[in-house]
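Okay, structure first, notes after.
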Amino acid sequence: MRSGAPEQFSASAQVMSPARAAELSRDQGFVFRDFEISKIRMITESIRAYPVRMTLVYLAVILFWTVFMSYGSALHGPNTIAVNLSPQVCLFTICVGLLLYPRHLLWVPVAALCFMYFVPFVLPFTGKPIWLIMPEVTPSLILFFLITNLIAGLVIGVIARSVYRRIGRMFRPNDTDLLIGWVITISFAAICFIQVHIAQAYAQLLPAQDLKALGFDENFVDFSMNRVLRGASVVVGFFVAVLYTDRLSAVVRYLPAMLIFPLLAILHRAGYLGYPMLDTAIVGLVYAMILPAGAAPVIVIGGITIYSALTGQYLTDTPPGDVESALLEIYSIGSLFLIVATMALRGRGRHEREQRSASLRRLSLVREFAGVGLFAVNIPRNSFRIEVSGQTLLGIPSETTLDAFIETIAMDHRRAVRDAFVAGSGETSTMVVPLLRTFSEGQERLVRLHLWGENSIWKERIVYGLLIEVTDEYRREKALSNALKELSLRQERQNQLFSIVSHEVRTPASVLSMLISELERGEDVEELRPQMREASNQLLTVLDDMRQAVNPEKNQKIKISPYVPAELAEQVSSTYRMMAQTKNFRINICLGEGADRSIMGDVSRLKQVLGNLVRNAIIHSKGSEICIGYERRTDDGPQGTNLTQVCWTITDDGVGIPPNDVARLFQPFERGSADARNQADGSGLGLFIAKQMIELLGGQLSYFPSPMGGAGYRIVMPEVVTPAGRSKSVVAADKDFDERLKTLRVVLAEDNMLVAKITLKQLGRIFGSIEHFENGALALARIQADPPDLLLTDLFMPEMLGDELIQAVRTEYPDLPMIGLTAAVVGDDTRRFEEVGATAYLPKPLSIEKLKTILQEHLP
């Protein structure tokens, strides 16, 4: 495995089923397709948003169409009212209008039809009788054709609107619009056929002498049926034009192609070419096939409309002279539907291609953004093709060889990759491999390969693949793995801590229980007192070590103040002299130059570390002599400067530390043995905590073999000279501070009477006046009546908790020092004191030395 790579690379392979392969092949980029909206719906929303503007456009289009077609029919045919109103030229006005207009505006297409219905009645300059003044045209006849056209249009429109609501969620929007066009066309033909027969039946009620003038002759049904079919083709043609026509700017360039239709009209009038309607339909069909799908509808429909206006073809009918003429007319009408179907299919095909193209474009953008590349390999030809994002990732051209691709992969993974490429057809595989190219900082790059192979129609093995850069993913996975290992280690240490604490707490607690039993049997108190003190000190030391190891962030803040090393050494010696005597130890002080000079440092922490080292020597060294040493050292600093440091040493003449145990000496829970529970006395946290403290102060704590034959510990820290005006040592200043404490009045809130009794005795030795209250409510009342100089409070008390007491006092006396007392210094209790603004908190039993240290900082 190469350096820096993940410990394990995944690889898997499986055979894809034919059904699954077929399912995937039908997926044409559905996810990245446009979220389409039906054009019918778009027009409806536009009408709803701009009703006046859209209605004016709507009326202008149908007025132009009605006038244009009515004049063409009047100028080039008999212009009989019965044929021209069965159906009326603008019937599609209401058919389409009922589909497009919102419900509250449905009256608009109805009114438009009623208005457009009367346009052909008043056309001037046609050379034919004006319908309105023809004696045969009666009000009842006008009303009959108005009602039949209105009913036909309403029925067709209602059918289209109902079907649109039903199939709108079943098909894609574009397909729905196209289907509705054919629904209207079929409905138009069916309803209008019925309308024609109703009109023929109505003719039986008219005077016989008026029938021919009105157009109710033997050709009425045939002419009207032809008109119905041509009208149906016009309806679907308009739908296709609306769905698939490009913007006007894209259509204008093809408008010259429309000139062929006026040319056809001229040629047909001159007697050239063949059957007029069929010739025109053939030209329209050719245009529908060769012109762009977005321009063909406008060119073809517009061209045939112009041709019809110039020649009257498609608008008027003449009785067929023979069977051939009748067939040609049928072919011509059929050709109109073929033209529309061709334009519809080409338009839909272009729409789908545009959707697929847009899907591929968006997919490519996503792949580029996500560091994903697609590639294909022809195995027999050793040909490899890859898209842009993959080229950037691998640093290879778009077309190369499979060997060139494999050379981009790390050496020890190339064989596995090659084997995956030559696997069986239909088999898929996934693997994660490192690339040969690395990042600039040397970090390895990883890619995941997804491969799928099949045989081409030429029986060649083709492999298609996807590669994804997963370097960041594996980095996160590795970081997560490391975090889990660290968490597991912490859990193990926590379990070890609980085991040690259980052992260490139980041992002195058992000793105390046994000593109490001895006292009850009448043993001498003076003889048992040192043993009880030692057991008590051991118990408190374990709890204090546990607090500092579990919650180091809750240790007291660094407080730099002046001190004299000689005085500090003497104080540490005095503190542990009695303990040393009980173990037959002698504590010596070995001071070098500068020990009487005042320097700056955190006296409290330094005293604790030196004391822990002395105590360890007394408990573990099995010697007889301990030496507390101090000296100043001058070492070479950067760029030729001299760096002055202070050096403390604690040495003993005991058994020392075995060389194999030195490496783990400062680790938590280590006590010189592989299993800490095999050793008595000590939590295994003392040296770990001491090292943390010294490093926090900018120094170093290390072990060295003692010249006396035992263990030695060296503390090296930068020397910080006391500034002018601050030469008085805090050690020497303790006497002045003690005198000040005797003038203070203290309020103690503690509900445990035994704890309160002992605490009052301790406080009475340093404070002038102490008042005790059994709960927070009583203490609050006293403080409000006469504020003290200091408040000490337990947390859990009846009537009012300690944090509630501090919060209440803080609002009235924000500068009053308030210290919380709790036995649970590693749990939630200390956080509760912090949240209400306690000055500090101390563990139980109360340490007078720690209390004095806090008061030195916080008393005004």
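Going by the structure tokens order, chains are called A, B, ..., each with residues numbered from 1, while ligands are numbered from 1 in the order shown.
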
Taking the chain letters and numbering used in this document, name the residues of range 136-310 of chain A that DSSP puts in helix (DSSP H, G or I), as a PyMOL selection string. chain A and resi 139-167+173-203+208-214+220-244+248-269+276-290+296-310

For Leu696 in chain A: contacts at 10 Å, only C-alpha atoms, fewer than 6 positions along chain excluded, given as an mmCIF file with N, CA, C and O atoms, in the first residue's frame:
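Contents of out-v1.cif, freshly written:
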data_model
loop_
_atom_site.group_PDB
_atom_site.id
_atom_site.type_symbol
_atom_site.label_atom_id
_atom_site.label_comp_id
_atom_site.auth_asym_id
_atom_site.auth_seq_id
_atom_site.Cartn_x
_atom_site.Cartn_y
_atom_site.Cartn_z
ATOM 1 N N ILE A 558 -4.698 31.631 35.413
ATOM 2 C CA ILE A 558 -3.289 31.945 35.675
ATOM 3 C C ILE A 558 -3.201 33.314 36.353
ATOM 4 O O ILE A 558 -3.790 34.294 35.883
ATOM 5 N N ARG A 605 0.181 27.564 41.236
ATOM 6 C CA ARG A 605 0.417 26.368 40.421
ATOM 7 C C ARG A 605 1.812 25.797 40.674
ATOM 8 O O ARG A 605 1.985 24.567 40.749
ATOM 9 N N ALA A 690 0.789 17.665 36.624
ATOM 10 C CA ALA A 690 1.929 18.551 36.837
ATOM 11 C C ALA A 690 2.515 19.025 35.506
ATOM 12 O O ALA A 690 2.829 20.208 35.327
#

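Nearest residue to Met54 in chain A, choosing from A:Ile94, A:Leu154, A:Val377, A:Leu105 and counting only C-alpha atoms: A:Leu105.
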
Find the distance between CA of Met225 in chain A and CA of Gly153 in chain A and write it in Å to one decimal.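 These two atoms are separated by 16.6 Å.
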
Restricting the calculation to only C-alpha atoms: of A:Val323, A:Ile198, A:Met116, A:Leu59, which residue gets closest to Ala82 in chain A?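 Under the stated criterion, the closest residue is A:Ile198.
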
Within 12 Å of Ala756 in chain A using only C-alpha atoms, minus same-chain residues under 6 positions, as a tab-separated table (two decimals) with all heavy atoms, in the first residue's frame:
chain	number	residue	atom	x	y	z
A	747	VAL	N	-20.75	35.51	55.66
A	747	VAL	CA	-22.02	34.79	55.78
A	747	VAL	C	-21.82	33.43	55.13
A	747	VAL	O	-21.40	33.32	53.98
A	747	VAL	CB	-23.17	35.55	55.09
A	747	VAL	CG1	-24.40	34.64	54.93
A	747	VAL	CG2	-23.54	36.78	55.89
A	748	LEU	N	-22.13	32.34	55.88
A	748	LEU	CA	-22.03	30.97	55.39
A	748	LEU	C	-23.43	30.37	55.30
A	748	LEU	O	-24.16	30.33	56.31
A	748	LEU	CB	-21.16	30.13	56.33
A	748	LEU	CG	-21.13	28.62	56.05
A	748	LEU	CD1	-20.48	28.33	54.70
A	748	LEU	CD2	-20.41	27.87	57.17
A	749	ALA	N	-23.82	29.89	54.09
A	749	ALA	CA	-25.11	29.21	53.90
A	749	ALA	C	-24.82	27.73	53.66
A	749	ALA	O	-24.27	27.35	52.63
A	749	ALA	CB	-25.86	29.81	52.71
A	750	GLU	N	-25.19	26.87	54.65
A	750	GLU	CA	-24.89	25.44	54.58
A	750	GLU	C	-25.96	24.70	55.39
A	750	GLU	O	-26.16	24.98	56.57
A	750	GLU	CB	-23.50	25.17	55.14
A	750	GLU	CG	-23.14	23.70	55.31
A	750	GLU	CD	-23.14	22.95	53.99
A	750	GLU	OE1	-22.25	23.22	53.15
A	750	GLU	OE2	-24.02	22.09	53.82
A	762	GLN	N	-12.99	26.21	60.83
A	762	GLN	CA	-11.91	26.57	59.93
A	762	GLN	C	-11.93	28.07	59.60
A	762	GLN	O	-10.89	28.73	59.61
A	762	GLN	CB	-12.02	25.76	58.62
A	762	GLN	CG	-11.72	24.28	58.78
A	762	GLN	CD	-11.88	23.54	57.46
A	762	GLN	OE1	-12.91	23.62	56.82
A	762	GLN	NE2	-10.85	22.80	57.09
A	763	LEU	N	-13.10	28.58	59.33
A	763	LEU	CA	-13.22	29.99	58.98
A	763	LEU	C	-12.91	30.88	60.18
A	763	LEU	O	-12.39	31.99	60.02
A	763	LEU	CB	-14.63	30.29	58.45
A	763	LEU	CG	-15.03	29.58	57.14
A	763	LEU	CD1	-16.47	29.88	56.78
A	763	LEU	CD2	-14.11	29.98	56.00
A	764	GLY	N	-13.24	30.40	61.38
A	764	GLY	CA	-13.02	31.21	62.58
A	764	GLY	C	-11.56	31.48	62.84
A	764	GLY	O	-11.22	32.43	63.55
A	770	ILE	N	-18.22	35.27	61.59
A	770	ILE	CA	-18.88	34.34	60.66
A	770	ILE	C	-20.30	34.11	61.14
A	770	ILE	O	-20.52	33.79	62.33
A	770	ILE	CB	-18.15	32.98	60.58
A	770	ILE	CG1	-16.68	33.17	60.22
A	770	ILE	CG2	-18.82	32.08	59.55
A	770	ILE	CD1	-15.75	33.12	61.40
A	771	GLU	N	-21.28	34.27	60.24
A	771	GLU	CA	-22.68	34.00	60.54
A	771	GLU	C	-23.14	32.82	59.68
A	771	GLU	O	-22.94	32.83	58.46
A	771	GLU	CB	-23.55	35.22	60.24
A	771	GLU	CG	-23.21	36.43	61.10
A	771	GLU	CD	-24.08	37.63	60.75
A	771	GLU	OE1	-25.29	37.59	61.08
A	771	GLU	OE2	-23.56	38.57	60.13
A	772	HIS	N	-23.78	31.85	60.32
A	772	HIS	CA	-24.22	30.65	59.60
A	772	HIS	C	-25.74	30.62	59.48
A	772	HIS	O	-26.45	30.94	60.44
A	772	HIS	CB	-23.74	29.39	60.35
A	772	HIS	CG	-24.37	28.14	59.82
A	772	HIS	ND1	-25.14	27.31	60.62
A	772	HIS	CD2	-24.38	27.59	58.57
A	772	HIS	CE1	-25.58	26.30	59.89
A	772	HIS	NE2	-25.13	26.45	58.65
A	773	PHE	N	-26.24	30.24	58.28
A	773	PHE	CA	-27.69	30.10	58.03
A	773	PHE	C	-27.92	28.76	57.34
A	773	PHE	O	-27.14	28.33	56.50
A	773	PHE	CB	-28.20	31.25	57.15
A	773	PHE	CG	-28.01	32.60	57.80
A	773	PHE	CD1	-26.87	33.37	57.52
A	773	PHE	CD2	-28.94	33.08	58.72
A	773	PHE	CE1	-26.69	34.59	58.13
A	773	PHE	CE2	-28.75	34.32	59.33
A	773	PHE	CZ	-27.63	35.07	59.05
A	774	GLU	N	-29.03	28.12	57.72
A	774	GLU	CA	-29.28	26.75	57.28
A	774	GLU	C	-29.85	26.66	55.87
A	774	GLU	O	-29.94	25.57	55.32
A	774	GLU	CB	-30.25	26.07	58.27
A	774	GLU	CG	-29.68	25.94	59.67
A	774	GLU	CD	-30.66	25.28	60.61
A	774	GLU	OE1	-31.78	24.93	60.14
A	774	GLU	OE2	-30.34	25.13	61.79
A	775	ASN	N	-30.29	27.77	55.27
A	775	ASN	CA	-30.79	27.73	53.89
A	775	ASN	C	-30.59	29.08	53.23
A	775	ASN	O	-30.26	30.08	53.89
A	775	ASN	CB	-32.27	27.31	53.83
A	775	ASN	CG	-33.17	28.27	54.60
A	775	ASN	OD1	-33.31	29.43	54.24
A	775	ASN	ND2	-33.79	27.77	55.68
A	792	LEU	N	-20.26	32.70	51.39
A	792	LEU	CA	-19.92	31.32	51.06
A	792	LEU	C	-21.22	30.52	51.08
A	792	LEU	O	-21.93	30.56	52.09
A	792	LEU	CB	-18.92	30.73	52.05
A	792	LEU	CG	-17.56	31.45	52.17
A	792	LEU	CD1	-16.75	30.83	53.30
A	792	LEU	CD2	-16.80	31.37	50.87
A	793	THR	N	-21.53	29.80	50.00
A	793	THR	CA	-22.82	29.10	49.96
A	793	THR	C	-22.69	27.73	49.34
A	793	THR	O	-21.95	27.53	48.36
A	793	THR	CB	-23.87	29.91	49.20
A	793	THR	OG1	-25.09	29.15	49.14
A	793	THR	CG2	-23.43	30.23	47.78
A	794	ASP	N	-23.41	26.77	49.93
A	794	ASP	CA	-23.57	25.44	49.35
A	794	ASP	C	-24.55	25.55	48.18
A	794	ASP	O	-25.25	26.57	48.02
A	794	ASP	CB	-24.09	24.48	50.42
A	794	ASP	CG	-24.11	23.04	49.92
A	794	ASP	OD1	-23.37	22.75	48.96
A	794	ASP	OD2	-24.86	22.24	50.48
A	821	LEU	N	-19.66	26.50	47.18
A	821	LEU	CA	-19.04	25.31	47.75
A	821	LEU	C	-19.81	24.08	47.28
A	821	LEU	O	-21.05	24.04	47.39
A	821	LEU	CB	-19.06	25.37	49.29
A	821	LEU	CG	-18.38	26.58	49.92
A	821	LEU	CD1	-18.57	26.54	51.44
A	821	LEU	CD2	-16.91	26.64	49.56
A	844	LYS	N	-15.50	20.71	48.30
A	844	LYS	CA	-15.54	20.33	49.71
A	844	LYS	C	-14.62	19.14	49.91
A	844	LYS	O	-14.53	18.28	49.03
A	844	LYS	CB	-16.97	19.97	50.12
A	844	LYS	CG	-17.94	21.12	50.12
A	844	LYS	CD	-19.31	20.63	50.58
A	844	LYS	CE	-20.33	21.75	50.63
A	844	LYS	NZ	-21.67	21.28	51.05
A	845	PRO	N	-13.94	19.00	51.05
A	845	PRO	CA	-13.92	19.95	52.17
A	845	PRO	C	-13.17	21.22	51.82
A	845	PRO	O	-12.28	21.22	50.96
A	845	PRO	CB	-13.21	19.15	53.27
A	845	PRO	CG	-12.34	18.21	52.52
A	845	PRO	CD	-13.09	17.82	51.29
A	846	LEU	N	-13.52	22.29	52.47
A	846	LEU	CA	-12.98	23.60	52.15
A	846	LEU	C	-11.48	23.66	52.44
A	846	LEU	O	-11.02	23.25	53.52
A	846	LEU	CB	-13.70	24.66	52.98
A	846	LEU	CG	-13.22	26.10	52.82
A	846	LEU	CD1	-13.45	26.58	51.39
A	846	LEU	CD2	-13.95	27.01	53.81

Do you know which residues are at most 12 Å from range 465-471 of chain A counting only C-alpha atoms, after dropping those on the same chain fewer than 4 positions away, and could you put them as a VMD selection string? chain A and resid 4 to 6 9 366 to 378 384 to 387 389 to 394 405 417 420 to 421 427 to 435 438 to 439 443 to 454 475 to 478

Can you pull out the residues contacting Thr245 in chain A? Cut-off 8 Å, using only C-alpha atoms, and skip same-chain residues under 3 positions away; I want them as a PyMOL selection string. chain A and resi 240-242+251+293-298

Using Å and a single decimal, report how far CA of Tyr202 in chain A sits from CA of Ile130 in chain A.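 Pair CA of Ile130 in chain A / CA of Tyr202 in chain A returns 22.1 Å.
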
Could you give me, as a Markdown table, a per-residue list for range 300-337 of chain A showing, wherever an atom lies at most 10 Å from an atom of range 279-287 of chain A, the closest pair of atoms and their distance in Å to one decimal, using only C-alpha atoms and sorting by chain then residue number from low to high?
| residue | atom | partner | partner_atom | distance |
| --- | --- | --- | --- | --- |
| A:Val300 | CA | A:Gly284 | CA | 5.4 |
| A:Ile301 | CA | A:Gly284 | CA | 8.2 |
| A:Gly303 | CA | A:Gly284 | CA | 8.1 |
| A:Ile304 | CA | A:Thr280 | CA | 7.2 |
| A:Tyr307 | CA | A:Thr280 | CA | 8.1 |
| A:Ser308 | CA | A:Thr280 | CA | 9.6 |
| A:Gln313 | CA | A:Thr280 | CA | 9.6 |
| A:Tyr331 | CA | A:Ala281 | CA | 9.2 |
| A:Ser332 | CA | A:Ala281 | CA | 6.3 |
| A:Ile333 | CA | A:Ala281 | CA | 8.4 |
| A:Gly334 | CA | A:Ala281 | CA | 9.1 |
| A:Ser335 | CA | A:Ala281 | CA | 5.8 |
| A:Leu336 | CA | A:Ala281 | CA | 6.4 |
| A:Phe337 | CA | A:Ala281 | CA | 9.7 |

Prev. selection, N, CA, C and O atoms, output as an mmCIF file, in the first residue's frame:
data_model
loop_
_atom_site.group_PDB
_atom_site.id
_atom_site.type_symbol
_atom_site.label_atom_id
_atom_site.label_comp_id
_atom_site.auth_asym_id
_atom_site.auth_seq_id
_atom_site.Cartn_x
_atom_site.Cartn_y
_atom_site.Cartn_z
ATOM 1 N N VAL A 300 -46.206 27.153 -43.957
ATOM 2 C CA VAL A 300 -47.176 26.287 -44.638
ATOM 3 C C VAL A 300 -48.595 26.809 -44.455
ATOM 4 O O VAL A 300 -49.355 26.969 -45.433
ATOM 5 N N ILE A 301 -49.001 27.092 -43.222
ATOM 6 C CA ILE A 301 -50.374 27.560 -42.976
ATOM 7 C C ILE A 301 -50.592 28.917 -43.627
ATOM 8 O O ILE A 301 -51.621 29.151 -44.286
ATOM 9 N N GLY A 303 -48.922 30.184 -46.173
ATOM 10 C CA GLY A 303 -48.875 30.048 -47.624
ATOM 11 C C GLY A 303 -50.162 29.484 -48.190
ATOM 12 O O GLY A 303 -50.691 29.976 -49.209
ATOM 13 N N ILE A 304 -50.703 28.418 -47.586
ATOM 14 C CA ILE A 304 -51.956 27.831 -48.069
ATOM 15 C C ILE A 304 -53.112 28.811 -47.899
ATOM 16 O O ILE A 304 -54.030 28.879 -48.752
ATOM 17 N N TYR A 307 -52.798 31.256 -50.702
ATOM 18 C CA TYR A 307 -53.208 30.586 -51.942
ATOM 19 C C TYR A 307 -54.732 30.463 -52.009
ATOM 20 O O TYR A 307 -55.348 30.694 -53.057
ATOM 21 N N SER A 308 -55.357 30.098 -50.890
ATOM 22 C CA SER A 308 -56.809 29.953 -50.866
ATOM 23 C C SER A 308 -57.494 31.281 -51.136
ATOM 24 O O SER A 308 -58.500 31.342 -51.867
ATOM 25 N N GLN A 313 -59.528 28.039 -53.720
ATOM 26 C CA GLN A 313 -59.371 26.625 -53.424
ATOM 27 C C GLN A 313 -59.425 26.420 -51.902
ATOM 28 O O GLN A 313 -58.988 27.266 -51.131
ATOM 29 N N TYR A 331 -57.981 13.176 -51.784
ATOM 30 C CA TYR A 331 -56.537 13.147 -51.530
ATOM 31 C C TYR A 331 -56.043 14.505 -51.036
ATOM 32 O O TYR A 331 -55.168 14.582 -50.166
ATOM 33 N N SER A 332 -56.586 15.562 -51.606
ATOM 34 C CA SER A 332 -56.155 16.915 -51.212
ATOM 35 C C SER A 332 -56.503 17.186 -49.752
ATOM 36 O O SER A 332 -55.686 17.727 -48.979
ATOM 37 N N ILE A 333 -57.719 16.805 -49.368
ATOM 38 C CA ILE A 333 -58.118 17.026 -47.972
ATOM 39 C C ILE A 333 -57.269 16.147 -47.038
ATOM 40 O O ILE A 333 -56.802 16.579 -45.980
ATOM 41 N N GLY A 334 -57.058 14.889 -47.461
ATOM 42 C CA GLY A 334 -56.203 14.015 -46.662
ATOM 43 C C GLY A 334 -54.789 14.539 -46.533
ATOM 44 O O GLY A 334 -54.131 14.372 -45.496
ATOM 45 N N SER A 335 -54.315 15.190 -47.613
ATOM 46 C CA SER A 335 -52.961 15.749 -47.575
ATOM 47 C C SER A 335 -52.840 16.847 -46.523
ATOM 48 O O SER A 335 -51.773 17.030 -45.925
ATOM 49 N N LEU A 336 -53.931 17.599 -46.307
ATOM 50 C CA LEU A 336 -53.880 18.638 -45.270
ATOM 51 C C LEU A 336 -53.607 18.024 -43.899
ATOM 52 O O LEU A 336 -52.803 18.538 -43.109
ATOM 53 N N PHE A 337 -54.295 16.907 -43.611
ATOM 54 C CA PHE A 337 -54.054 16.234 -42.329
ATOM 55 C C PHE A 337 -52.649 15.632 -42.281
ATOM 56 O O PHE A 337 -51.996 15.633 -41.228
#

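Minimum distance to Val57 in chain A across A:Val158, A:Met818, A:Ile43, A:Ile628 (counting only C-alpha atoms) occurs at A:Ile43.
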
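Using only C-alpha atoms, the nearest neighbour of Glu399 in chain A within the list A:Asp661, A:Arg353, A:Asn588, A:Asn382 is A:Asn382.
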